[in-house]
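**Student:** Take a look at this one; I'll ask things after.
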Amino acid sequence: MNIIIIGNSAGSILGFRLPLIVKLLSNGHSVTTFANDFTNEDILFLKNINVKAYNYKLDTSGINPVKEIKTIIQLYKIFKTIKPDVVFSYFSKPVIYSSIAAKLIGVKTIVGMIEGLGITYTIQPEGKSAKQKILINIQSTLYFIVSFCIDKLIVLNNDDELFFYKKFSFKNIINIGGIGVDLNEFAFSRVKTEPFNFIFIGRLLREKGIFNFLQAAEKIKIKFPHITFTVLGSIDKKNKNSISQELLNQYIAKGIINYPGLVANVKKYIENSTVFVLPSYYREGLPRSTQEALAIGRPVITTNGAGCSETVVDNLNGKLVDLYNLDSLYNAMVYMINNTDKLESMGKESRLIAENKYDIEKINSKIINILVDQ
């Protein structure tokens with residue numbers, strides 16, 4: 001089959017979809033990819049493995065209707081030339097625009113994957129603002145329109161499955177339960193408790209729980225000065241809910257956290273950690289960093305919110321904490337410190353969960369069956 005895979009960035013295509021692409025090629029399918037920022041080197045690399053690559057114009061954060069319509073027209077024209085059998089898109093905007101374009105030219109199979117509802121549907125502790133209510137209405141209208149274009153909608157967690165079933169007219173919603181991780185690359189290692197290190201990995205946004213993590217770390221340092229904390233991730237200067245460099249520097253200067261920043265060798269940092277912590281209230285799909293921590297065999301502390309709650313069986317492989325709740329997070333972290341004898345078994349349970357639910361080979365096989373099963 002002639003299959004199009006369309007995302008929002010070259011990084012997501014090359015970083016996260018390459019195993020899927022390679023598997024499709026090995027099964028005899030042809031693949032064309034779309035992103036908004038392929039470099040000449042990216043295009044050459046993909047060409048060398050017999051994959052065509054196209055750049056298309058995509059405003060990832062704006063809501064200008066003229067630009068949005070132009071994107072649909074651009075995709076329509078290219079799709080018409082390629083004549084795909086299947087169009088597979090992921091992330092909200094690519095799903096919306098490519099599905100409409102594909103429907104207009106009569107593509108046989110149109111598949112979209114929503115990896116979490118994102119910031120638009122993330123409920124802040126203070127509730128929904130007037131602006132957020134407007135954005136939710138716009139996004140929901142677009143999802144409603146696209147529900148008549150898509151043949152199969154893939155989601156990653158139970159909350160999203162319920163959300164799309166209740167609100168829209170999608171014909172076929174398939175919950176694959178996660179995006180998967182390479183279990184060989186992220187191999188199991190025993191939990192290290194000397195030094196005892198809590199690790200946070202993610203965008204340094206309020207919604208991802210970075211402020212609660214830092215505040216809990218500061219409290220713990222007073223009672224348990226030997227405990228260490230590592231933060232991996234980047235500051236988003238364009239996002240008003242991102243931590244500032246100035247505030248982050250204060251925690252570094254006080255010796256509360258180690259901050260290597262945005263690193264390439266995430267695996268090594270997880271291996272050198274004791275407990276993985278993601279106190280997110282962001283409307284997640286299923287956090288990749290959590291899946292990687294599970295694969296390596298780390299106890300996990302995360303919230304009982306969408307996506308996150310499905311990665312932890314409370315008291316078996318970690319602890320679930322209440323959304324927005326600093327005390328709940330602090331108490332869970334103290335529990336881990338006071339119960340080091342339970343951490344090894346928790347780590348082993350995490351690995352078993354990863355093997356059963358998040359093996360990328362199994363996940364990609366599910367996706368391929370969805371794409372080519374007529």
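Each chain in the structure tokens gets a letter, A, B and so on, in the order shown; residues start at 1 in every chain, and ligands are counted from 1 in the order they appear.
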So which bits of range 102-179 of chain A end up strand (DSSP E or B) when you DSSP the backbone, as a ChimeraX atom specification?
**Tutor:** /A:109-114,152-155,173-175
**Student:** Print the selection's residues with all heavy atoms to a file, as an mmCIF file, in the first residue's frame.
**Tutor:**
data_model
loop_
_atom_site.group_PDB
_atom_site.id
_atom_site.type_symbol
_atom_site.label_atom_id
_atom_site.label_comp_id
_atom_site.auth_asym_id
_atom_site.auth_seq_id
_atom_site.Cartn_x
_atom_site.Cartn_y
_atom_site.Cartn_z
ATOM 1 N N THR A 109 -8.497 4.853 3.225
ATOM 2 C CA THR A 109 -8.393 4.680 4.673
ATOM 3 C C THR A 109 -7.731 5.910 5.299
ATOM 4 O O THR A 109 -6.592 6.237 4.976
ATOM 5 C CB THR A 109 -7.575 3.425 5.032
ATOM 6 O OG1 THR A 109 -8.173 2.290 4.411
ATOM 7 C CG2 THR A 109 -7.531 3.220 6.540
ATOM 8 N N ILE A 110 -8.456 6.572 6.194
ATOM 9 C CA ILE A 110 -7.956 7.774 6.876
ATOM 10 C C ILE A 110 -7.901 7.470 8.370
ATOM 11 O O ILE A 110 -8.918 7.158 8.994
ATOM 12 C CB ILE A 110 -8.864 8.993 6.617
ATOM 13 C CG1 ILE A 110 -9.009 9.239 5.112
ATOM 14 C CG2 ILE A 110 -8.307 10.237 7.311
ATOM 15 C CD1 ILE A 110 -10.071 10.255 4.741
ATOM 16 N N VAL A 111 -6.676 7.520 8.913
ATOM 17 C CA VAL A 111 -6.462 7.177 10.320
ATOM 18 C C VAL A 111 -5.805 8.356 11.024
ATOM 19 O O VAL A 111 -4.817 8.915 10.546
ATOM 20 C CB VAL A 111 -5.558 5.934 10.461
ATOM 21 C CG1 VAL A 111 -5.352 5.583 11.934
ATOM 22 C CG2 VAL A 111 -6.129 4.754 9.694
ATOM 23 N N GLY A 112 -6.362 8.749 12.153
ATOM 24 C CA GLY A 112 -5.765 9.803 12.975
ATOM 25 C C GLY A 112 -5.413 9.272 14.343
ATOM 26 O O GLY A 112 -6.085 8.362 14.858
ATOM 27 N N MET A 113 -4.356 9.812 14.930
ATOM 28 C CA MET A 113 -3.968 9.418 16.287
ATOM 29 C C MET A 113 -3.824 10.665 17.152
ATOM 30 O O MET A 113 -3.045 11.569 16.829
ATOM 31 C CB MET A 113 -2.657 8.634 16.278
ATOM 32 C CG MET A 113 -2.237 8.180 17.675
ATOM 33 S SD MET A 113 -0.998 6.843 17.653
ATOM 34 C CE MET A 113 0.427 7.709 17.007
ATOM 35 N N ILE A 114 -4.594 10.728 18.212
ATOM 36 C CA ILE A 114 -4.527 11.837 19.161
ATOM 37 C C ILE A 114 -3.754 11.381 20.385
ATOM 38 O O ILE A 114 -4.218 10.530 21.149
ATOM 39 C CB ILE A 114 -5.932 12.325 19.568
ATOM 40 C CG1 ILE A 114 -6.717 12.791 18.344
ATOM 41 C CG2 ILE A 114 -5.819 13.448 20.602
ATOM 42 C CD1 ILE A 114 -6.138 13.991 17.635
ATOM 43 N N LYS A 152 -10.710 5.667 11.248
ATOM 44 C CA LYS A 152 -10.269 5.081 12.509
ATOM 45 C C LYS A 152 -9.519 6.136 13.315
ATOM 46 O O LYS A 152 -8.614 6.778 12.794
ATOM 47 C CB LYS A 152 -9.349 3.884 12.258
ATOM 48 C CG LYS A 152 -9.981 2.770 11.417
ATOM 49 C CD LYS A 152 -8.945 1.739 11.006
ATOM 50 C CE LYS A 152 -9.540 0.706 10.061
ATOM 51 N NZ LYS A 152 -8.533 -0.268 9.595
ATOM 52 N N LEU A 153 -9.910 6.284 14.564
ATOM 53 C CA LEU A 153 -9.223 7.212 15.465
ATOM 54 C C LEU A 153 -8.503 6.409 16.536
ATOM 55 O O LEU A 153 -9.119 5.618 17.254
ATOM 56 C CB LEU A 153 -10.208 8.174 16.130
ATOM 57 C CG LEU A 153 -9.579 9.174 17.101
ATOM 58 C CD1 LEU A 153 -8.755 10.218 16.345
ATOM 59 C CD2 LEU A 153 -10.639 9.851 17.971
ATOM 60 N N ILE A 154 -7.185 6.624 16.642
ATOM 61 C CA ILE A 154 -6.376 5.949 17.655
ATOM 62 C C ILE A 154 -6.195 6.884 18.849
ATOM 63 O O ILE A 154 -5.866 8.062 18.683
ATOM 64 C CB ILE A 154 -4.997 5.566 17.090
ATOM 65 C CG1 ILE A 154 -5.148 4.610 15.902
ATOM 66 C CG2 ILE A 154 -4.126 4.922 18.167
ATOM 67 C CD1 ILE A 154 -3.843 4.345 15.171
ATOM 68 N N VAL A 155 -6.411 6.376 20.041
ATOM 69 C CA VAL A 155 -6.121 7.120 21.277
ATOM 70 C C VAL A 155 -5.223 6.251 22.152
ATOM 71 O O VAL A 155 -5.039 5.060 21.894
ATOM 72 C CB VAL A 155 -7.410 7.513 22.028
ATOM 73 C CG1 VAL A 155 -8.252 8.466 21.200
ATOM 74 C CG2 VAL A 155 -8.222 6.276 22.413
ATOM 75 N N ILE A 173 -13.133 4.025 17.224
ATOM 76 C CA ILE A 173 -12.110 4.535 18.133
ATOM 77 C C ILE A 173 -11.355 3.345 18.713
ATOM 78 O O ILE A 173 -11.956 2.427 19.279
ATOM 79 C CB ILE A 173 -12.718 5.388 19.260
ATOM 80 C CG1 ILE A 173 -13.480 6.583 18.675
ATOM 81 C CG2 ILE A 173 -11.627 5.870 20.221
ATOM 82 C CD1 ILE A 173 -14.249 7.389 19.699
ATOM 83 N N ILE A 174 -10.022 3.373 18.562
ATOM 84 C CA ILE A 174 -9.196 2.248 19.004
ATOM 85 C C ILE A 174 -8.188 2.741 20.029
ATOM 86 O O ILE A 174 -7.363 3.618 19.731
ATOM 87 C CB ILE A 174 -8.463 1.609 17.807
ATOM 88 C CG1 ILE A 174 -9.459 1.200 16.719
ATOM 89 C CG2 ILE A 174 -7.646 0.403 18.267
ATOM 90 C CD1 ILE A 174 -8.837 0.932 15.380
ATOM 91 N N ASN A 175 -8.252 2.195 21.220
ATOM 92 C CA ASN A 175 -7.331 2.563 22.302
ATOM 93 C C ASN A 175 -6.167 1.579 22.306
ATOM 94 O O ASN A 175 -6.341 0.406 22.655
ATOM 95 C CB ASN A 175 -8.078 2.538 23.635
ATOM 96 C CG ASN A 175 -7.206 2.918 24.817
ATOM 97 O OD1 ASN A 175 -6.019 3.209 24.668
ATOM 98 N ND2 ASN A 175 -7.798 2.936 25.994
#
**Student:** Nearest residue to Ile63 in chain A out of A:Leu25, A:Ile138, A:Tyr121, A:Tyr90, using only C-alpha atoms?
**Tutor:**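 Using only C-alpha atoms, the shortest distance to Ile63 in chain A belongs to A:Ile138.
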**Student:** Just give me the gap between CA of Tyr143 in chain A and CA of Ile96 in chain A in Å, one decimal is fine.
**Tutor:**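 Between CA of Tyr143 in chain A and CA of Ile96 in chain A the gap is 7.2 Å.
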**Student:** Taking only C-alpha atoms into account, which of A:Leu320, A:Val66, A:Val181, A:Ala332 comes nearest Gly15 in chain A?
**Tutor:**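 When distances to Gly15 in chain A are compared using only C-alpha atoms, the smallest one comes from A:Val181.
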**Student:** Which of these, A:Ile105, A:Asp182, A:Leu278, A:Gly118, has the shortest distance to Glu355 in chain A once you count only C-alpha atoms?
**Tutor:**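 Among A:Ile105, A:Asp182, A:Leu278, A:Gly118, it is A:Asp182 that comes nearest to Glu355 in chain A.
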**Student:** Skip Ile256 in chain A itself and residues of its chain fewer than 3 positions away, then list as number ranges by chain all residues within 10 Å of it, counting only C-alpha atoms.
**Tutor:** A: 214-215, 217-222, 225, 227-230, 250-253, 259
**Student:** Any chance you can output those residues with N, CA and C atoms as an mmCIF file, in the first residue's frame?
**Tutor:**
data_model
loop_
_atom_site.group_PDB
_atom_site.id
_atom_site.type_symbol
_atom_site.label_atom_id
_atom_site.label_comp_id
_atom_site.auth_asym_id
_atom_site.auth_seq_id
_atom_site.Cartn_x
_atom_site.Cartn_y
_atom_site.Cartn_z
ATOM 1 N N LEU A 214 9.639 20.965 42.589
ATOM 2 C CA LEU A 214 10.682 21.775 43.227
ATOM 3 C C LEU A 214 10.326 22.118 44.670
ATOM 4 N N GLN A 215 9.068 22.439 44.903
ATOM 5 C CA GLN A 215 8.654 22.799 46.264
ATOM 6 C C GLN A 215 8.729 21.587 47.193
ATOM 7 N N ALA A 217 10.769 19.055 46.743
ATOM 8 C CA ALA A 217 12.202 18.799 46.921
ATOM 9 C C ALA A 217 12.784 19.701 48.001
ATOM 10 N N GLU A 218 12.384 20.959 48.011
ATOM 11 C CA GLU A 218 12.900 21.904 49.010
ATOM 12 C C GLU A 218 12.491 21.482 50.419
ATOM 13 N N LYS A 219 11.261 21.039 50.581
ATOM 14 C CA LYS A 219 10.796 20.567 51.892
ATOM 15 C C LYS A 219 11.547 19.307 52.324
ATOM 16 N N ILE A 220 11.748 18.397 51.388
ATOM 17 C CA ILE A 220 12.418 17.135 51.706
ATOM 18 C C ILE A 220 13.871 17.374 52.098
ATOM 19 N N LYS A 221 14.530 18.310 51.438
ATOM 20 C CA LYS A 221 15.938 18.617 51.735
ATOM 21 C C LYS A 221 16.135 19.055 53.195
ATOM 22 N N ILE A 222 15.120 19.673 53.763
ATOM 23 C CA ILE A 222 15.215 20.120 55.160
ATOM 24 C C ILE A 222 15.257 18.906 56.092
ATOM 25 N N PRO A 225 18.545 15.769 54.150
ATOM 26 C CA PRO A 225 19.516 16.527 53.342
ATOM 27 C C PRO A 225 20.337 15.676 52.380
ATOM 28 N N ILE A 227 19.190 13.393 50.343
ATOM 29 C CA ILE A 227 18.419 13.050 49.142
ATOM 30 C C ILE A 227 18.778 14.014 48.013
ATOM 31 N N THR A 228 18.909 13.476 46.788
ATOM 32 C CA THR A 228 19.239 14.325 45.634
ATOM 33 C C THR A 228 18.072 14.347 44.648
ATOM 34 N N PHE A 229 18.074 15.397 43.832
ATOM 35 C CA PHE A 229 16.991 15.617 42.870
ATOM 36 C C PHE A 229 17.587 16.049 41.536
ATOM 37 N N THR A 230 17.104 15.438 40.454
ATOM 38 C CA THR A 230 17.568 15.778 39.113
ATOM 39 C C THR A 230 16.387 16.228 38.266
ATOM 40 N N GLN A 250 17.699 29.718 41.269
ATOM 41 C CA GLN A 250 17.637 29.799 42.732
ATOM 42 C C GLN A 250 17.679 28.405 43.358
ATOM 43 N N TYR A 251 16.940 27.477 42.775
ATOM 44 C CA TYR A 251 16.941 26.100 43.286
ATOM 45 C C TYR A 251 18.292 25.427 43.068
ATOM 46 N N ILE A 252 18.923 25.744 41.943
ATOM 47 C CA ILE A 252 20.256 25.189 41.671
ATOM 48 C C ILE A 252 21.270 25.740 42.675
ATOM 49 N N ALA A 253 21.222 27.057 42.898
ATOM 50 C CA ALA A 253 22.176 27.723 43.795
ATOM 51 C C ALA A 253 22.041 27.220 45.237
ATOM 52 N N TYR A 259 20.658 20.249 37.595
ATOM 53 C CA TYR A 259 19.934 20.571 36.368
ATOM 54 C C TYR A 259 20.858 20.464 35.156
#
**Student:** Give me, please, the distance in Å between CA of Asn36 in chain A and CA of Asp160 in chain A, quoted to one decimal.
**Tutor:**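 Calculated distance between CA of Asn36 in chain A and CA of Asp160 in chain A is 26.3 Å.
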**Student:** Need the shell around Asn212 in chain A: protein/DNA/RNA residues with any atom at most 8 Å away, counting only C-alpha atoms. Skip same-chain ones fewer than 6 positions apart. Format as a ChimeraX atom specification?
**Tutor:** /A:279,324-326,329
**Student:** For a quick check of understanding, using only C-alpha atoms, which of A:Ile145, A:Ile368, A:Leu352, A:Ile136 has the smallest distance to Lys23 in chain A?
**Tutor:**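 Closest candidate: A:Ile368.
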**Student:** Which value, in Å to one decimal, gives the distance between CA of Phe186 in chain A and CA of Asn356 in chain A?
**Tutor:** 14.6 Å
**Student:** Residues within 9 Å of Val312 in chain A, please, as a PyMOL selection string. Count only C-alpha atoms; anything in the same chain fewer than 6 positions from it doesn't count.
**Tutor:** chain A and resi 299-302+304+318-320+350+353
**Student:** Kindly export the residues of the current selection with C-alpha atoms, as a PDB file, in the first residue's frame.
**Tutor:**
ATOM      1  CA  PRO A 299       9.260   3.071  40.833  1.00  0.00           C
ATOM      2  CA  VAL A 300       7.027   5.888  39.592  1.00  0.00           C
ATOM      3  CA  ILE A 301       5.227   8.691  41.386  1.00  0.00           C
ATOM      4  CA  THR A 302       2.633  10.358  39.183  1.00  0.00           C
ATOM      5  CA  ASN A 304      -4.245  10.168  39.094  1.00  0.00           C
ATOM      6  CA  GLY A 318       4.718   3.313  42.617  1.00  0.00           C
ATOM      7  CA  LYS A 319       2.393   5.880  44.113  1.00  0.00           C
ATOM      8  CA  LEU A 320      -0.492   7.862  42.633  1.00  0.00           C
ATOM      9  CA  SER A 350       7.391  -1.402  36.572  1.00  0.00           C
ATOM     10  CA  ILE A 353       4.108  -3.349  33.149  1.00  0.00           C
TER      11      ILE A 353
END
**Student:** Smallest atom-to-atom distance to Ile363 in chain A: which of A:Lys67, A:Asp59, A:Gly177, A:Leu183, using only C-alpha atoms?
**Tutor:**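 Among the listed residues, A:Gly177 lies closest to Ile363 in chain A.
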**Student:** Fewer than 4 positions away in the same chain doesn't count, so skip those; otherwise give me all residues within 9 Å of Thr71 in chain A, counting only C-alpha atoms, as a ChimeraX atom specification.
**Tutor:** /A:56-59,66-67,75-76,97-98
**Student:** What does the file look like for those residues with N, CA, C and O atoms, as a compact mmCIF listing (two decimals), in the first residue's frame?
**Tutor:**
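selection.txt written:
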# COMPACT_ATOMS: atom_id res chain seq x y z
N TYR A 56 5.53 20.88 4.69
CA TYR A 56 4.28 21.61 4.46
C TYR A 56 4.17 22.71 5.51
O TYR A 56 4.77 22.64 6.58
N LYS A 57 3.40 23.74 5.19
CA LYS A 57 3.28 24.87 6.10
C LYS A 57 2.27 24.54 7.19
O LYS A 57 1.13 24.20 6.92
N LEU A 58 2.72 24.67 8.43
CA LEU A 58 1.86 24.37 9.56
C LEU A 58 2.15 25.35 10.69
O LEU A 58 3.28 25.43 11.18
N ASP A 59 1.15 26.11 11.07
CA ASP A 59 1.25 26.99 12.23
C ASP A 59 0.82 26.18 13.45
O ASP A 59 -0.37 25.93 13.65
N VAL A 66 -7.38 31.66 7.87
CA VAL A 66 -6.85 31.75 6.50
C VAL A 66 -5.66 30.81 6.35
O VAL A 66 -5.55 30.06 5.37
N LYS A 67 -4.74 30.85 7.32
CA LYS A 67 -3.57 29.96 7.29
C LYS A 67 -3.99 28.50 7.35
O LYS A 67 -3.41 27.64 6.67
N LEU A 75 -2.10 20.49 1.34
CA LEU A 75 -2.09 19.04 1.51
C LEU A 75 -2.97 18.37 0.46
O LEU A 75 -2.61 17.32 -0.09
N TYR A 76 -4.11 18.95 0.17
CA TYR A 76 -5.01 18.41 -0.84
C TYR A 76 -4.29 18.26 -2.18
O TYR A 76 -4.38 17.21 -2.83
N TYR A 97 -6.21 18.73 9.63
CA TYR A 97 -6.03 19.24 8.27
C TYR A 97 -5.82 18.12 7.25
O TYR A 97 -6.39 18.15 6.16
N SER A 98 -5.01 17.13 7.60
CA SER A 98 -4.74 16.07 6.63
C SER A 98 -5.97 15.19 6.42
O SER A 98 -6.19 14.67 5.32
**Student:** Name the residues in contact with Gln124 in chain A at a cut-off of 12 Å, using only C-alpha atoms, excluding same-chain residues fewer than 5 positions from it; report them as an mmCIF file with N, CA, C and O atoms, in the first residue's frame.
**Tutor:**
data_model
loop_
_atom_site.group_PDB
_atom_site.id
_atom_site.type_symbol
_atom_site.label_atom_id
_atom_site.label_comp_id
_atom_site.auth_asym_id
_atom_site.auth_seq_id
_atom_site.Cartn_x
_atom_site.Cartn_y
_atom_site.Cartn_z
ATOM 1 N N ILE A 119 -2.879 21.071 25.931
ATOM 2 C CA ILE A 119 -3.074 22.235 26.803
ATOM 3 C C ILE A 119 -4.472 22.821 26.696
ATOM 4 O O ILE A 119 -5.011 23.349 27.670
ATOM 5 N N SER A 129 -10.484 29.454 32.108
ATOM 6 C CA SER A 129 -10.599 30.883 31.812
ATOM 7 C C SER A 129 -11.574 31.081 30.656
ATOM 8 O O SER A 129 -11.926 30.122 29.946
ATOM 9 N N GLN A 132 -9.900 30.004 27.498
ATOM 10 C CA GLN A 132 -9.834 28.555 27.339
ATOM 11 C C GLN A 132 -11.178 27.987 26.888
ATOM 12 O O GLN A 132 -11.226 27.081 26.048
ATOM 13 N N ARG A 206 4.326 24.562 34.369
ATOM 14 C CA ARG A 206 3.471 24.428 35.545
ATOM 15 C C ARG A 206 2.595 23.184 35.429
ATOM 16 O O ARG A 206 2.446 22.413 36.384
ATOM 17 N N GLU A 207 2.002 22.980 34.225
ATOM 18 C CA GLU A 207 1.078 21.869 34.019
ATOM 19 C C GLU A 207 1.747 20.511 34.174
ATOM 20 O O GLU A 207 1.093 19.521 34.506
ATOM 21 N N LYS A 208 3.036 20.445 33.889
ATOM 22 C CA LYS A 208 3.768 19.180 34.016
ATOM 23 C C LYS A 208 4.174 18.899 35.466
ATOM 24 O O LYS A 208 4.725 17.841 35.768
ATOM 25 N N GLY A 209 3.944 19.866 36.352
ATOM 26 C CA GLY A 209 4.194 19.651 37.771
ATOM 27 C C GLY A 209 5.565 20.070 38.257
ATOM 28 O O GLY A 209 5.961 19.714 39.372
ATOM 29 N N ASN A 241 3.494 29.797 31.342
ATOM 30 C CA ASN A 241 3.451 28.843 32.443
ATOM 31 C C ASN A 241 4.739 28.042 32.600
ATOM 32 O O ASN A 241 4.793 27.086 33.379
ATOM 33 N N SER A 280 2.162 15.561 36.913
ATOM 34 C CA SER A 280 1.533 16.323 35.835
ATOM 35 C C SER A 280 0.014 16.395 35.984
ATOM 36 O O SER A 280 -0.632 15.416 36.349
ATOM 37 N N TYR A 281 -0.551 17.569 35.668
ATOM 38 C CA TYR A 281 -1.993 17.648 35.469
ATOM 39 C C TYR A 281 -2.315 18.061 34.032
ATOM 40 O O TYR A 281 -3.457 18.362 33.677
ATOM 41 N N TYR A 282 -1.284 18.058 33.184
ATOM 42 C CA TYR A 282 -1.451 18.270 31.748
ATOM 43 C C TYR A 282 -2.321 17.138 31.196
ATOM 44 O O TYR A 282 -2.263 16.018 31.672
ATOM 45 N N ARG A 283 -3.136 17.457 30.177
ATOM 46 C CA ARG A 283 -4.019 16.419 29.624
ATOM 47 C C ARG A 283 -3.179 15.519 28.713
ATOM 48 O O ARG A 283 -3.127 15.671 27.502
ATOM 49 N N LEU A 323 -4.124 15.357 41.880
ATOM 50 C CA LEU A 323 -3.806 16.487 41.003
ATOM 51 C C LEU A 323 -3.636 17.767 41.806
ATOM 52 O O LEU A 323 -4.394 18.023 42.764
ATOM 53 N N TYR A 324 -2.650 18.565 41.438
ATOM 54 C CA TYR A 324 -2.385 19.896 41.999
ATOM 55 C C TYR A 324 -1.903 19.879 43.452
ATOM 56 O O TYR A 324 -1.587 20.929 44.007
#
**Student:** Please identify the alpha helix (DSSP H) residues within range 101-179 of chain A (assignment by DSSP from backbone atoms) and present them as JSON, numbers by chain.
**Tutor:** {"A": [101, 102, 103, 104, 130, 131, 132, 133, 134, 135, 136, 137, 138, 139, 140, 141, 142, 143, 144, 145, 146, 158, 159, 160, 161, 162, 163, 164, 165, 166, 167]}
